[in-house]
Structure formats: C-alpha cells, structure tokens
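So the structure is just underneath, and the comments pick up after that.
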Amino acid sequence: MSLKPSYSLENLMLPVSDPPNDEDRERLLKTDDKTFRGRRIYAAISYMSCAVLLVLFNKAALSSFNFPSASVITLLQMVCSCCFLYVLRRWRIISFTAAESVIIADNSKRFVPLKTVKHTLPLAGAYLLYMLVTMESVRGVNVPMYTTLRRTTVVFTMLVEYMMVGQRYTPSVIFSVGLIVFGAFIAGARDFSFDGYGYSIVFLSNITTAIYLATIARVGKTSGLNSFGLMWCNGVICGPFLLIWTLVRGDLKMTLNFSYLLSPGFIVCYS
C-alpha cells in the first residue's frame, strides 16, 4: 500500500469524517432522503448520548469513588475498543481502509499491513498522550466547568493547525468559534470554583487534543486508513506500552486492592 499523500501540505484540513468510497457514495445516492436524514439524526443523538455518559461515568469513577489510576481505565477502554473492532472486522461489518470493500475485507491475512502500522506511530503517540491527559482532567473539576473549559479545544486546534500546516480561517469562522466559546463560559459562569491544578490539566488536555487532531490531518489521512483502522492501530500500538506502564507504576496492583472494586455502582461506572 502506498503511503504517498495525494494532496499538498497547504490543503491539509482537520478531518471531520472519512470521505465515502465509490460504493458507499452510490449507495447513499440511492438512499431515500427521509431515511438518510433519520439515520443522521439517530447517529447524532447516539454520539451525543455516548459522549455525555462517558464523561459522567468517568467523573463518577475518578471523583465519587476516588479511583486512583486513570491509566487503568484508559487501558481497559483500549482493550475493549480493540476487541469490539476485531469482532466487527471479522464479521465483515466494517473495514479498516478507506478504499476497502466490506465484502472482501476478510480476505487479507492481516487487518493492517506492518508498514502502515509503522506509519501511524506518531499518531499513536499523540493519541496515548491525549487519552491519558483527558482522562485525568475529568477528576479535577466539576462536570459543568469541565464542559465549559473543553469548549476552548477548538481554539487550541486552530492555533496548532496554523503552526503546523499554516491553515488560516476566515473572519466569519473565527467569529463563530469565539461565539461558541463565549456561550460556553456564560453557561458555566455560575459554577466557577477555581482549582488551579484542575484547570491546568483541562487546558493541557485541550492542547493534547489539538495536537492529536493536527496529527490526524498530517499522518492519518496519508495512511490510507479510515477511522476504524486508525483506532485499531492506536489500540494495538498504545496498549502494550500502557500495560507496561501500569505494571511498573503498580497501578494494576492498586486496582486489585481498591476497596470499591466489587461495588455495583463502581462496576457500572467502570464498565
């Protein structure tokens, strides 16, 4: 598989979604508009629900139950996501490359070529840093302020993208982003309870998120993988390193000795 990019560096943009291949595009054109609109609404609601529940459950596990290790939660989430992707890929429900047909996806001996996995190493490093810092940032502040501060991620992303690829935005886009950030701070204004450490970790999380997104723009799109393939490579690469890290620091031992480990409420949050 060729890893040579098919576009210039000046045209790099942060990815919003994977472009459909010819087969998917033809299927979408044949799909009824009402059905397609319903699917989009369902996808948006599902994404919103998962995002909110993920923050709430992680916050409960790290703060309410005072779970000591965010890295163990990150490791288990990586393991679960890799297992889930493996099953979906083996059942030919999804594919890992942008141009790969789901019907023939299972004919290859390996899910992703080793050359492509090596190509995604910088992305995996940025992903691991982003996951660890983001997980820890949930612990330090309450949920309304966490949501408010995380809205500034788009500002950091625009700055990092400008520094890395020279991307410039129109005044209307900048105004829209400023309006979103201003609205988020208005929404969380009544919940201000300053915590220097918590605030700094959240802003660090915003920076790592911006770096991760910018790395996707530079590395992910030139790898030939879609979102599922990139997630698979991130988990396969980062999982062993994170496992070694938790063993060296003794996080797994602390998890086994955690007093609420078998508590039903903690199991729900942890799952």
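Chain lettering (A, B, ...) mirrors the order of the structure tokens, residue numbering begins at 1 for each chain separately, and ligand numbering begins at 1 in order of display.
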Fewer than 5 positions away in the same chain doesn't count, so skip those; otherwise give me all residues within 7 Å of range 226-236 of chain A, counting only C-alpha atoms, as a CSV table (one decimal) with N, CA, C and O atoms, in the first residue's frame.
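Output file part17.csv is given in full below:
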chain,number,residue,atom,x,y,z
A,18,ASP,N,-14.6,10.5,7.4
A,18,ASP,CA,-13.9,9.8,6.2
A,18,ASP,C,-14.8,10.0,5.0
A,18,ASP,O,-16.0,9.8,5.0
A,78,MET,N,-9.1,0.9,25.9
A,78,MET,CA,-8.4,0.5,24.7
A,78,MET,C,-8.6,-1.0,24.3
A,78,MET,O,-8.8,-1.4,23.2
A,82,CYS,N,-10.5,-2.4,21.0
A,82,CYS,CA,-9.8,-3.3,20.0
A,82,CYS,C,-10.6,-4.6,19.9
A,82,CYS,O,-10.7,-5.1,18.7
A,85,LEU,N,-13.6,-3.8,17.7
A,85,LEU,CA,-13.3,-3.6,16.3
A,85,LEU,C,-12.9,-4.9,15.7
A,85,LEU,O,-13.2,-5.1,14.5
A,96,PHE,N,-11.1,-1.5,7.5
A,96,PHE,CA,-10.1,-0.6,8.2
A,96,PHE,C,-9.5,0.4,7.2
A,96,PHE,O,-8.8,1.3,7.7
A,97,THR,N,-9.6,0.2,5.9
A,97,THR,CA,-9.0,1.1,4.9
A,97,THR,C,-10.1,1.9,4.2
A,97,THR,O,-11.2,1.4,4.0
A,98,ALA,N,-9.7,3.1,3.7
A,98,ALA,CA,-10.7,3.9,3.1
A,98,ALA,C,-11.3,3.4,1.8
A,98,ALA,O,-12.4,3.6,1.5
A,117,VAL,N,1.2,0.3,9.9
A,117,VAL,CA,1.2,0.5,11.4
A,117,VAL,C,2.4,1.3,11.8
A,117,VAL,O,2.2,2.2,12.7
A,124,ALA,N,-0.2,7.4,17.0
A,124,ALA,CA,-0.5,6.6,18.2
A,124,ALA,C,0.1,7.3,19.5
A,124,ALA,O,-0.5,7.3,20.6
A,127,TYR,N,-2.1,10.1,20.4
A,127,TYR,CA,-3.4,9.5,20.9
A,127,TYR,C,-3.2,9.1,22.4
A,127,TYR,O,-4.1,9.3,23.2
A,220,GLY,N,-2.7,10.6,9.6
A,220,GLY,CA,-3.9,9.7,9.5
A,220,GLY,C,-4.4,9.7,8.0
A,220,GLY,O,-4.6,8.6,7.5
Each range 116-146 of chain A residue no farther than 8 Å from range 61-76 of chain A, nearest pair in Å, only C-alpha atoms, as a tab-separated table:
residue	atom	partner	partner_atom	distance
A:Met131	CA	A:Thr74	CA	6.8
A:Leu132	CA	A:Ser71	CA	6.2
A:Met135	CA	A:Ala70	CA	6.0
A:Glu136	CA	A:Ala70	CA	5.9
A:Val138	CA	A:Leu62	CA	7.6
A:Arg139	CA	A:Ser63	CA	5.6
Selected residue of minimal separation from Thr208 in chain A among A:Leu242, A:Leu114, A:Val87, A:Val160, counting only C-alpha atoms:
A:Val160
Could you tell me which of A:Phe156, A:Tyr197, A:Trp245, A:Tyr162 comes closest to Val177 in chain A if we count only C-alpha atoms?
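Nearest candidate to Val177 in chain A out of A:Phe156, A:Tyr197, A:Trp245, A:Tyr162: A:Phe156.
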Identify, with DSSP run on backbone atoms, the residues in range 65-225 of chain A assigned to alpha helix (DSSP H), and express the list as a PyMOL selection string.
chain A and resi 70-90+114-119+121-140+143-150+153-165+171-187+196-218
Find, counting only C-alpha atoms, the residue in A:Tyr130, A:Trp91, A:Phe185, A:Tyr42 that gets nearest to Ile207 in chain A.
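Closest residue, counting only C-alpha atoms: A:Tyr130.
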Between CA of Ile186 in chain A and CA of Gln167 in chain A, distance in Å (one decimal)
28.9 Å
Env of Val154 in chain A: 9 Å cut, atoms = only C-alpha atoms, seq-sep filter 4 positions within chain, self excluded. Answer as a PyMOL selection string.
chain A and resi 150+158-159+177+181+206+210
In Å, how far is it from CA of Thr246 in chain A to CA of Ser205 in chain A?
20.3 Å
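Among A:Ile267, A:Ile244, A:Cys238, A:Leu261, the residue with the shortest atom-to-atom distance to Leu121 in chain A, counting only C-alpha atoms, is A:Cys238.
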